[in-house]
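Text of the file data10.pdb, holding PDB, C-alpha atoms and all ligand atoms:
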ATOM      1  CA  MET O   1      21.583 -22.865  -2.028
ATOM      2  CA  ASP O   2      21.292 -19.455  -0.354
ATOM      3  CA  PRO O   3      20.332 -19.441   3.335
ATOM      4  CA  TRP O   4      16.824 -18.032   2.728
ATOM      5  CA  ARG O   5      15.933 -20.832   0.309
ATOM      6  CA  LEU O   6      17.461 -23.380   2.672
ATOM      7  CA  ARG O   7      15.273 -22.142   5.536
ATOM      8  CA  VAL O   8      12.191 -22.162   3.333
ATOM      9  CA  TRP O   9      12.893 -25.723   2.239
ATOM     10  CA  LEU O  10      13.494 -26.785   5.841
ATOM     11  CA  GLY O  11      10.140 -25.190   6.686
ATOM     12  CA  VAL O  12       8.454 -27.135   3.884
ATOM     13  CA  LEU O  13      10.099 -30.341   5.105
ATOM     14  CA  CYS O  14       8.912 -29.763   8.688
ATOM     15  CA  ALA O  15       5.394 -28.935   7.509
ATOM     16  CA  VAL O  16       5.267 -32.123   5.449
ATOM     17  CA  VAL O  17       6.865 -34.363   8.118
ATOM     18  CA  LEU O  18       4.543 -33.061  10.808
ATOM     19  CA  GLY O  19       1.469 -33.396   8.658
ATOM     20  CA  GLY O  20       0.966 -29.683   8.203
ATOM     21  CA  ALA O  21       1.481 -28.720  11.840
ATOM     22  CA  SER O  22       3.988 -25.900  12.082
ATOM     23  CA  THR O  23       7.177 -26.281  14.084
ATOM     24  CA  ALA O  24       7.543 -22.549  14.568
ATOM     25  CA  HIS O  25       6.169 -20.182  17.172
ATOM     26  CA  ALA O  26       3.564 -19.136  14.616
ATOM     27  CA  ALA O  27       2.016 -22.608  14.808
ATOM     28  CA  SER O  28      -1.381 -21.442  15.992
ATOM     29  CA  ILE O  29      -1.816 -18.976  13.160
ATOM     30  CA  THR O  30      -0.262 -20.648  10.133
ATOM     31  CA  PRO O  31      -2.798 -22.663   8.125
ATOM     32  CA  PRO O  32      -1.931 -26.315   7.523
ATOM     33  CA  GLY O  33       0.300 -26.683   4.475
ATOM     34  CA  GLU O  34       1.572 -23.097   4.558
ATOM     35  CA  VAL O  35       5.257 -22.638   5.328
ATOM     36  CA  PRO O  36       5.677 -20.416   8.428
ATOM     37  CA  THR O  37       7.821 -17.346   7.806
ATOM     38  CA  PRO O  38      11.187 -17.907   9.521
ATOM     39  CA  TYR O  39      13.588 -15.232  10.720
ATOM     40  CA  LEU O  40      16.039 -14.039   8.128
ATOM     41  CA  PRO O  41      17.205 -10.445   8.421
ATOM     42  CA  SER O  42      17.202  -8.196   5.360
ATOM     43  CA  THR O  43      20.719  -7.299   4.290
ATOM     44  CA  GLN O  44      21.868  -3.679   4.670
ATOM     45  CA  VAL O  45      21.479  -3.297   0.884
ATOM     46  CA  ALA O  46      17.892  -4.551   1.117
ATOM     47  CA  VAL O  47      17.017  -2.262   4.046
ATOM     48  CA  GLU O  48      18.350   0.765   2.175
ATOM     49  CA  GLU O  49      16.614  -0.121  -1.098
ATOM     50  CA  MET O  50      13.276  -0.716   0.658
ATOM     51  CA  LEU O  51      13.445   2.651   2.411
ATOM     52  CA  ARG O  52      14.611   4.368  -0.787
ATOM     53  CA  LEU O  53      11.687   2.854  -2.727
ATOM     54  CA  ALA O  54       9.289   4.039  -0.003
ATOM     55  CA  ASP O  55      10.797   7.551  -0.257
ATOM     56  CA  VAL O  56      10.718   7.795   3.540
ATOM     57  CA  LYS O  57      10.367  11.273   5.053
ATOM     58  CA  PRO O  58      10.697  12.541   8.650
ATOM     59  CA  SER O  59       6.901  12.730   8.837
ATOM     60  CA  ASP O  60       6.497   8.992   8.146
ATOM     61  CA  LEU O  61       5.531   6.213  10.537
ATOM     62  CA  VAL O  62       7.303   3.105   9.215
ATOM     63  CA  VAL O  63       5.714  -0.151  10.393
ATOM     64  CA  ASP O  64       7.584  -3.403   9.809
ATOM     65  CA  LEU O  65       5.322  -6.433  10.077
ATOM     66  CA  GLY O  66       7.573  -9.266  11.235
ATOM     67  CA  SER O  67      10.316  -6.917  12.394
ATOM     68  CA  GLY O  68      13.097  -9.333  13.433
ATOM     69  CA  ASP O  69      15.958  -7.406  15.078
ATOM     70  CA  GLY O  70      14.296  -4.104  14.165
ATOM     71  CA  ARG O  71      16.731  -2.959  11.508
ATOM     72  CA  ILE O  72      14.146  -1.495   9.077
ATOM     73  CA  PRO O  73      12.306   0.891  11.473
ATOM     74  CA  ILE O  74      15.591   1.704  13.253
ATOM     75  CA  THR O  75      17.278   2.666   9.959
ATOM     76  CA  ALA O  76      14.214   4.722   8.984
ATOM     77  CA  ALA O  77      14.625   6.648  12.243
ATOM     78  CA  THR O  78      18.425   7.067  12.166
ATOM     79  CA  HIS O  79      18.690   7.971   8.460
ATOM     80  CA  PHE O  80      15.402   9.757   7.733
ATOM     81  CA  GLY O  81      14.227  10.984  11.144
ATOM     82  CA  ALA O  82      11.028   8.954  10.753
ATOM     83  CA  ARG O  83       9.108   7.235  13.548
ATOM     84  CA  GLY O  84       9.023   3.462  13.536
ATOM     85  CA  PHE O  85       7.123   0.542  14.935
ATOM     86  CA  GLY O  86       7.571  -3.188  14.555
ATOM     87  CA  VAL O  87       5.900  -6.397  15.644
ATOM     88  CA  ASP O  88       7.253  -9.893  15.710
ATOM     89  CA  ILE O  89       5.844 -13.158  16.982
ATOM     90  CA  ASP O  90       9.242 -14.011  18.507
ATOM     91  CA  ALA O  91       9.686 -12.415  21.974
ATOM     92  CA  LYS O  92      13.504 -12.742  21.911
ATOM     93  CA  LEU O  93      13.713 -10.819  18.628
ATOM     94  CA  VAL O  94      11.407  -8.124  20.018
ATOM     95  CA  GLU O  95      13.672  -7.705  23.074
ATOM     96  CA  GLU O  96      16.736  -7.539  20.799
ATOM     97  CA  ALA O  97      15.021  -4.990  18.543
ATOM     98  CA  ASN O  98      14.164  -2.709  21.496
ATOM     99  CA  GLN O  99      17.794  -2.980  22.708
ATOM    100  CA  ASN O 100      19.003  -2.112  19.200
ATOM    101  CA  ALA O 101      16.718   0.947  19.158
ATOM    102  CA  HIS O 102      18.270   2.079  22.479
ATOM    103  CA  LYS O 103      21.801   1.521  21.161
ATOM    104  CA  ALA O 104      20.990   3.532  18.024
ATOM    105  CA  GLY O 105      19.615   6.374  20.183
ATOM    106  CA  VAL O 106      16.136   6.232  18.658
ATOM    107  CA  ALA O 107      14.148   4.445  21.391
ATOM    108  CA  ASP O 108      12.025   7.589  21.808
ATOM    109  CA  ARG O 109      10.798   7.224  18.218
ATOM    110  CA  VAL O 110      10.914   3.483  17.534
ATOM    111  CA  ARG O 111       9.386   0.615  19.490
ATOM    112  CA  PHE O 112       8.732  -3.058  19.061
ATOM    113  CA  VAL O 113       6.108  -5.331  20.551
ATOM    114  CA  GLN O 114       5.494  -9.043  20.493
ATOM    115  CA  GLN O 115       2.371  -9.491  18.431
ATOM    116  CA  ASP O 116       0.906 -11.447  15.559
ATOM    117  CA  VAL O 117       0.807  -9.309  12.419
ATOM    118  CA  PHE O 118      -2.947  -9.959  12.139
ATOM    119  CA  GLU O 119      -3.528  -8.402  15.585
ATOM    120  CA  THR O 120      -1.520  -5.267  14.889
ATOM    121  CA  ASP O 121      -3.109  -1.836  14.697
ATOM    122  CA  ILE O 122      -1.679  -0.445  11.457
ATOM    123  CA  LYS O 123      -4.099   2.434  10.848
ATOM    124  CA  GLU O 124      -1.533   5.159  11.572
ATOM    125  CA  ALA O 125       1.191   3.711   9.314
ATOM    126  CA  THR O 126       2.289   5.734   6.302
ATOM    127  CA  VAL O 127       4.839   3.110   5.193
ATOM    128  CA  VAL O 128       4.499  -0.655   5.764
ATOM    129  CA  THR O 129       7.401  -2.997   5.092
ATOM    130  CA  LEU O 130       7.045  -6.751   4.578
ATOM    131  CA  TYR O 131       9.710  -9.432   4.347
ATOM    132  CA  LEU O 132       7.412 -12.410   4.749
ATOM    133  CA  LEU O 133       6.751 -15.543   2.747
ATOM    134  CA  THR O 134       4.159 -15.396   0.004
ATOM    135  CA  GLY O 135       1.358 -17.206   1.899
ATOM    136  CA  LEU O 136       1.488 -14.753   4.779
ATOM    137  CA  VAL O 137       1.840 -11.715   2.491
ATOM    138  CA  ASN O 138      -1.278 -12.674   0.571
ATOM    139  CA  ARG O 139      -3.308 -13.533   3.682
ATOM    140  CA  LEU O 140      -2.394 -10.108   5.046
ATOM    141  CA  LYS O 141      -3.621  -8.250   1.969
ATOM    142  CA  PRO O 142      -7.311  -7.817   3.005
ATOM    143  CA  LYS O 143      -6.231  -6.365   6.356
ATOM    144  CA  LEU O 144      -3.827  -3.961   4.653
ATOM    145  CA  MET O 145      -6.459  -2.865   2.115
ATOM    146  CA  ASN O 146      -9.145  -2.386   4.783
ATOM    147  CA  GLU O 147      -7.089  -0.632   7.433
ATOM    148  CA  LEU O 148      -4.425   1.439   5.693
ATOM    149  CA  ARG O 149      -5.239   4.925   4.497
ATOM    150  CA  PRO O 150      -5.104   5.714   0.777
ATOM    151  CA  GLY O 151      -1.596   6.819  -0.148
ATOM    152  CA  THR O 152       0.143   4.509   2.345
ATOM    153  CA  ARG O 153       3.176   2.896   0.696
ATOM    154  CA  ILE O 154       3.655  -0.840   1.113
ATOM    155  CA  ILE O 155       7.103  -2.194   0.328
ATOM    156  CA  ALA O 156       7.409  -5.950  -0.134
ATOM    157  CA  HIS O 157      10.817  -7.620  -0.204
ATOM    158  CA  ASP O 158      10.977 -10.621  -2.558
ATOM    159  CA  PHE O 159       7.362 -11.763  -2.018
ATOM    160  CA  GLY O 160       4.626  -9.501  -3.384
ATOM    161  CA  PHE O 161       0.853  -9.734  -3.761
ATOM    162  CA  GLN O 162      -0.389 -12.254  -6.298
ATOM    163  CA  ASP O 163      -3.289 -10.191  -7.667
ATOM    164  CA  TRP O 164      -1.981  -6.623  -7.376
ATOM    165  CA  THR O 165       0.412  -5.155  -9.944
ATOM    166  CA  PRO O 166       3.023  -3.089  -8.095
ATOM    167  CA  ASP O 167       3.212   0.649  -8.723
ATOM    168  CA  ARG O 168       6.978   0.096  -9.074
ATOM    169  CA  SER O 169       9.332  -2.879  -9.027
ATOM    170  CA  VAL O 170      13.057  -2.673  -8.455
ATOM    171  CA  ASN O 171      15.630  -5.435  -8.812
ATOM    172  CA  ILE O 172      18.907  -4.862  -6.999
ATOM    173  CA  SER O 173      20.179  -8.350  -6.133
ATOM    174  CA  LYS O 174      16.656  -9.006  -4.768
ATOM    175  CA  ASN O 175      13.195  -7.852  -5.827
ATOM    176  CA  TYR O 176      11.401  -4.994  -4.122
ATOM    177  CA  PHE O 177       7.809  -3.996  -4.854
ATOM    178  CA  LEU O 178       6.079  -0.694  -4.112
ATOM    179  CA  TYR O 179       2.288  -0.710  -3.752
ATOM    180  CA  VAL O 180       0.436   2.526  -3.019
ATOM    181  CA  VAL O 181      -2.878   1.885  -1.247
ATOM    182  CA  PRO O 182      -5.545   3.278  -3.578
ATOM    183  CA  ALA O 183      -8.668   5.174  -2.550
ATOM    184  CA  ASN O 184     -11.933   3.408  -3.299
ATOM    185  CA  VAL O 185     -13.464   5.121  -6.341
ATOM    186  CA  ALA O 186     -15.444   2.312  -7.966
ATOM    187  CA  GLY O 187     -19.066   3.207  -8.648
ATOM    188  CA  SER O 188     -21.157   6.178  -9.697
ATOM    189  CA  TRP O 189     -20.322   9.857  -9.292
ATOM    190  CA  ARG O 190     -22.092  13.073 -10.284
ATOM    191  CA  LEU O 191     -19.527  15.666 -11.322
ATOM    192  CA  GLU O 192     -20.212  19.388 -11.727
ATOM    193  CA  ALA O 193     -17.804  21.507 -13.754
ATOM    194  CA  THR O 194     -17.823  24.565 -15.950
ATOM    195  CA  VAL O 195     -16.925  23.651 -19.505
ATOM    196  CA  GLY O 196     -16.586  26.548 -21.912
ATOM    197  CA  ASP O 197     -19.120  29.036 -20.563
ATOM    198  CA  ALA O 198     -21.680  26.504 -19.403
ATOM    199  CA  GLN O 199     -22.099  24.485 -16.221
ATOM    200  CA  HIS O 200     -22.052  20.772 -17.084
ATOM    201  CA  THR O 201     -23.103  17.765 -15.075
ATOM    202  CA  TYR O 202     -21.306  14.505 -15.857
ATOM    203  CA  ASP O 203     -22.651  11.173 -14.577
ATOM    204  CA  ILE O 204     -19.485   9.171 -14.205
ATOM    205  CA  GLU O 205     -19.116   5.395 -13.819
ATOM    206  CA  LEU O 206     -15.752   4.133 -12.604
ATOM    207  CA  LYS O 207     -14.441   0.589 -12.575
ATOM    208  CA  GLN O 208     -11.399  -0.130 -10.454
ATOM    209  CA  ASP O 209      -8.706  -2.785 -10.185
ATOM    210  CA  HIS O 210      -6.500  -1.493  -7.369
ATOM    211  CA  GLN O 211      -4.757   1.627  -8.796
ATOM    212  CA  LYS O 212      -6.064   1.011 -12.327
ATOM    213  CA  ILE O 213      -9.313   2.792 -13.133
ATOM    214  CA  ARG O 214     -11.412   3.154 -16.245
ATOM    215  CA  GLY O 215     -14.823   4.468 -17.051
ATOM    216  CA  GLY O 216     -16.891   7.036 -18.832
ATOM    217  CA  ALA O 217     -19.272   9.932 -18.407
ATOM    218  CA  ARG O 218     -22.747  10.874 -19.602
ATOM    219  CA  VAL O 219     -23.200  14.577 -20.145
ATOM    220  CA  ASN O 220     -26.169  16.445 -18.677
ATOM    221  CA  ALA O 221     -28.424  13.471 -17.892
ATOM    222  CA  GLY O 222     -28.836  11.286 -20.946
ATOM    223  CA  GLY O 223     -26.438  13.138 -23.248
ATOM    224  CA  GLY O 224     -23.585  11.553 -25.176
ATOM    225  CA  PHE O 225     -21.150   9.078 -23.666
ATOM    226  CA  LEU O 226     -17.569  10.272 -23.186
ATOM    227  CA  PRO O 227     -14.780   7.847 -22.307
ATOM    228  CA  LEU O 228     -12.306   8.799 -19.598
ATOM    229  CA  PHE O 229      -8.780   8.978 -20.999
ATOM    230  CA  GLU O 230      -5.469   8.680 -19.157
ATOM    231  CA  SER O 231      -7.299   7.861 -15.947
ATOM    232  CA  ARG O 232      -5.032   7.128 -13.019
ATOM    233  CA  LEU O 233      -5.275   6.769  -9.267
ATOM    234  CA  ASP O 234      -2.289   7.391  -7.024
ATOM    235  CA  GLY O 235      -3.400   6.868  -3.430
ATOM    236  CA  ASP O 236      -6.136   9.479  -2.992
ATOM    237  CA  ARG O 237      -5.129  11.503  -6.063
ATOM    238  CA  ILE O 238      -7.148  11.014  -9.214
ATOM    239  CA  ARG O 239      -6.492  12.152 -12.781
ATOM    240  CA  PHE O 240      -8.449  11.723 -16.006
ATOM    241  CA  VAL O 241      -9.208  13.542 -19.243
ATOM    242  CA  LEU O 242     -12.637  14.151 -20.797
ATOM    243  CA  VAL O 243     -12.912  15.443 -24.346
ATOM    244  CA  ASP O 244     -16.038  17.609 -24.612
ATOM    245  CA  GLU O 245     -17.038  20.442 -26.925
ATOM    246  CA  GLY O 246     -13.894  19.894 -28.973
ATOM    247  CA  ARG O 247     -11.451  20.318 -26.108
ATOM    248  CA  ALA O 248      -9.542  18.042 -23.770
ATOM    249  CA  HIS O 249     -10.357  18.779 -20.119
ATOM    250  CA  HIS O 250      -7.655  17.563 -17.742
ATOM    251  CA  PHE O 251      -9.150  16.775 -14.342
ATOM    252  CA  GLU O 252      -7.066  16.218 -11.251
ATOM    253  CA  GLY O 253      -8.171  16.083  -7.656
ATOM    254  CA  ARG O 254      -8.399  14.371  -4.322
ATOM    255  CA  VAL O 255     -10.730  11.551  -3.387
ATOM    256  CA  HIS O 256     -12.657  11.541  -0.098
ATOM    257  CA  ALA O 257     -15.138   8.877   0.961
ATOM    258  CA  ALA O 258     -18.253  10.609  -0.368
ATOM    259  CA  TYR O 259     -16.861  13.236  -2.704
ATOM    260  CA  MET O 260     -13.861  14.232  -4.772
ATOM    261  CA  GLU O 261     -12.757  17.666  -5.859
ATOM    262  CA  GLY O 262      -9.947  19.421  -7.635
ATOM    263  CA  THR O 263      -9.090  21.496 -10.664
ATOM    264  CA  VAL O 264      -9.724  21.058 -14.357
ATOM    265  CA  THR O 265      -7.630  22.697 -17.045
ATOM    266  CA  ALA O 266      -8.332  23.129 -20.748
ATOM    267  CA  GLY O 267      -6.201  24.745 -23.422
ATOM    268  CA  ILE O 268      -2.482  25.437 -23.331
ATOM    269  CA  GLY O 269      -0.082  28.281 -22.599
ATOM    270  CA  SER O 270      -1.661  31.737 -22.601
ATOM    271  CA  GLY O 271      -4.986  30.164 -23.614
ATOM    272  CA  MET O 272      -5.161  27.842 -20.637
ATOM    273  CA  VAL O 273      -8.259  28.025 -18.445
ATOM    274  CA  LYS O 274      -8.243  26.497 -14.989
ATOM    275  CA  ARG O 275     -11.372  25.933 -12.922
ATOM    276  CA  THR O 276     -12.492  23.888  -9.938
ATOM    277  CA  TRP O 277     -14.676  20.762 -10.039
ATOM    278  CA  ARG O 278     -16.451  18.618  -7.504
ATOM    279  CA  ALA O 279     -18.100  15.192  -7.716
ATOM    280  CA  GLU O 280     -20.460  13.547  -5.227
ATOM    281  CA  ARG O 281     -20.719   9.795  -4.863
ATOM    282  CA  VAL O 282     -24.098   8.528  -6.072
ATOM    283  CA  LEU O 283     -25.268   5.735  -3.811
ATOM    284  CA  THR O 284     -27.253   2.944  -5.372
ATOM    285  CA  ARG O 285     -30.001   1.101  -3.478
ATOM    286  CA  GLY O 286     -28.514  -0.905  -0.630
ATOM    287  CA  GLU O 287     -25.462   1.361  -0.299
ATOM    288  CA  ARG O 288     -25.133   3.729   2.618
TER     289      ARG O 288
HETATM  290  C1  LIG U   1      12.227 -12.825   7.113
HETATM  291  S1  LIG U   1      12.119 -12.173   8.727
HETATM  292  C2  LIG U   1      12.229 -10.432   8.375
HETATM  293  C3  LIG U   1      12.763  -9.619   9.529
HETATM  294  C4  LIG U   1      12.852  -8.125   9.255
HETATM  295  N1  LIG U   1      11.589  -7.598   8.780
HETATM  296  C5  LIG U   1      13.921  -7.843   8.234
HETATM  297  O1  LIG U   1      13.547  -7.599   7.057
HETATM  298  O2  LIG U   1      15.104  -7.863   8.573
HETATM  299  C6  LIG U   1      10.376 -12.430   9.094
HETATM  300  C7  LIG U   1       9.996 -12.198  10.525
HETATM  301  O3  LIG U   1       8.597 -12.330  10.620
HETATM  302  C8  LIG U   1       8.279 -12.924  11.882
HETATM  303  N2  LIG U   1       6.935 -13.503  11.781
HETATM  304  C9  LIG U   1       6.549 -14.591  11.094
HETATM  305  N3  LIG U   1       5.226 -14.769  11.196
HETATM  306  C10 LIG U   1       4.743 -13.767  11.973
HETATM  307  C11 LIG U   1       3.446 -13.405  12.444
HETATM  308  N4  LIG U   1       2.360 -14.100  12.131
HETATM  309  N5  LIG U   1       3.324 -12.295  13.211
HETATM  310  C12 LIG U   1       4.431 -11.567  13.551
HETATM  311  N6  LIG U   1       5.679 -11.881  13.139
HETATM  312  C13 LIG U   1       5.842 -12.951  12.340
HETATM  313  C14 LIG U   1       9.398 -13.934  12.091
HETATM  314  O4  LIG U   1       9.551 -14.243  13.475
HETATM  315  C15 LIG U   1      10.598 -13.181  11.505
HETATM  316  O5  LIG U   1      11.298 -12.480  12.501
END

Any chance you could put this one into structure tokens?
Ligand SMILES: C[S@@+](CC[C@H](N)C(=O)[O-])C[C@H]1O[C@@H](n2cnc3c(N)ncnc32)[C@H](O)[C@@H]1O
Amino acid sequence: MDPWRLRVWLGVLCAVVLGGASTAHAASITPPGEVPTPYLPSTQVAVEEMLRLADVKPSDLVVDLGSGDGRIPITAATHFGARGFGVDIDAKLVEEANQNAHKAGVADRVRFVQQDVFETDIKEATVVTLYLLTGLVNRLKPKLMNELRPGTRIIAHDFGFQDWTPDRSVNISKNYFLYVVPANVAGSWRLEATVGDAQHTYDIELKQDHQKIRGGARVNAGGGFLPLFESRLDGDRIRFVLVDEGRAHHFEGRVHAAYMEGTVTAGIGSGMVKRTWRAERVLTRGER
């Protein structure tokens, strides 16, 4: 049995023997029956594959929730010039991680604090890495969805979210999952665009399941219904195609809280026409 599975099974055994009370430092925060996440460092292969999947850049802030000896944020800093931050419930590991950052010469860009992952301010993160057991990963999901900005990349090592299909999965000895935090686009939008020579208004309804979106548009208040084709959300970037007046109109743009805007192209090659579009969120009663 590999060491990770052995530790997990030992955790299960302790949880059962002690009637659900955790033996670990995370006792106060682990619900009865859930196995506390023990310390097991990612291998060098895993660290590299996680950072590769995240496509880390110097401009990134890489936050490792449950950071152990700090190897993920430290490698992000030494190899990509990124900034890093980590939290761990275990004070000894936090001390070791800060020493490791000093040794690697990146203590000015990477720091570690002793903290519960649920208490951590993650709003500034652009990449979040997780090597935590499935119970903790899934309990963390609402916090991640509420606090992270659209476009933030979440990389999960071995244990992903139960109800969220990853944007990418990679298997290299272990499994790694990339999730890009999607903007919230569900609901009603009023879109203005020039189609042909005329200004059109489209009343758009969008349904959303994480990054998957679908919906349709009514043309000029009460006109025909047009389905949205090839609709896709990638962080705060939206794409879809409307076929109107015999032409496919390819919309792409950026989503903000109350509006989205971008460009729409129709036609190909020398006949291509490119224009701008903008949509305002339509609030229903009770929404603010
Ligand atoms: C499997 S280790 C991963 C360490 C490091 N991220 C890596 O990949 O090498 C999980 C870490 O999460 C920490 N941990 C578990 N529950 C935590 C919690 N609620 N808040 C903060 N850290 C936690 C453990 O102490 C452990 O160091």

Suppose a student applies the PyMOL selection byres (((chain O and resi 194) around 12) and not hetatm) to this structure; what residues should they get, written as number ranges by chain?
O: 191-193, 195-202, 220, 244-245, 249, 251, 263-266, 273-278

Test item: residues at most 12 Å from Arg111 in chain O, all atoms listed in the file, excluding those fewer than 6 positions along its chain, as a list in words
Leu61, Val62, Val63, Asp64, Ser67, Asp69, Gly70, Arg71, Ile72, Pro73, Ile74, Ala77, Arg83, Gly84, Phe85, Gly86, Val87, Asp88, Val94, Glu95, Glu96, Ala97, Asn98, Gln99, Asn100, Ala101, His102 and Gly105 of chain O

Name the residues, by chain letter and number, that sit within 9 Å of ligand LIG 1 (chain U) using all atoms listed in the file, and give them as an MDAnalysis selection string.
chainID O and resid 4 24:27 29:30 36:44 46:47 64:73 86:91 93:94 114:120 129:133 136 157

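When the PyMOL selection byres (((chain O and resi 172-176) around 10) and not hetatm) is evaluated on the file shown here, the picked residues come out as Val45, Ala46, Glu49, Met50, Leu53, Leu130, Tyr131, Ile155, Ala156, His157, Asp158, Phe159, Gly160, Pro166, Arg168, Ser169, Val170, Asn171, Phe177 and Leu178 of chain O.
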
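If you measure from each of O:Val106, O:Ala257, O:Val282, O:Ala125 to Ile204 in chain O using all atoms listed in the file, the closest one turns out to be O:Val282.
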
Produce the centre coordinates and the three edge lengths, each in Å to one decimal, of the box along x, y and z that contains all listed atoms of range 254-261 of chain O with 3 Å added on each side, as AutoDock Vina command-line options.
--center_x -13.3 --center_y 13.3 --center_z -2.4 --size_x 15.9 --size_y 14.8 --size_z 12.8

As a check of understanding: the span from CA of Ala221 in chain O to CA of Arg254 in chain O is 24.2 Å

Answer key for the PyMOL selection byres (((chain O and resi 242) around 9) and not hetatm), residues as a ChimeraX atom specification:
/O:216-217,226-229,240-241,243-244,247-251

Between CA of Glu124 in chain O and CA of Glu147 in chain O, what is the distance, to one decimal in Å?
9.0 Å

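Every protein, DNA or RNA residue with an atom at most 10 Å from Thr126 in chain O, where all atoms listed in the file count and chain neighbours fewer than 5 positions away do not, is listed here: Ala54, Val56, Lys57, Ser59, Asp60, Leu61, Val62, Val63, Leu148, Arg149, Pro150, Gly151, Thr152, Arg153, Ile154 and Val181 of chain O.
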
Rounded to one decimal in Å, what is the spacing between CA of Ile213 in chain O and CA of Val185 in chain O?
8.3 Å

Do a neighbour search on Glu252 in chain O at 6 Å with all atoms listed in the file, toss out local chain neighbours closer than 2 positions, and write the hits as a ChimeraX atom specification.
/O:238-239,262-263

Across O:Val113, O:Leu51, O:Leu206, O:Leu140, the smallest distance to Ala186 in chain O, with all atoms listed in the file counted, is shown by O:Leu206

Which residues are near Arg190 in chain O? Cut-off 6 Å, all atoms listed in the file, ignore same chain within fewer than 6 positions. Put them as a PyMOL selection string.
chain O and resi 202-203+279-280
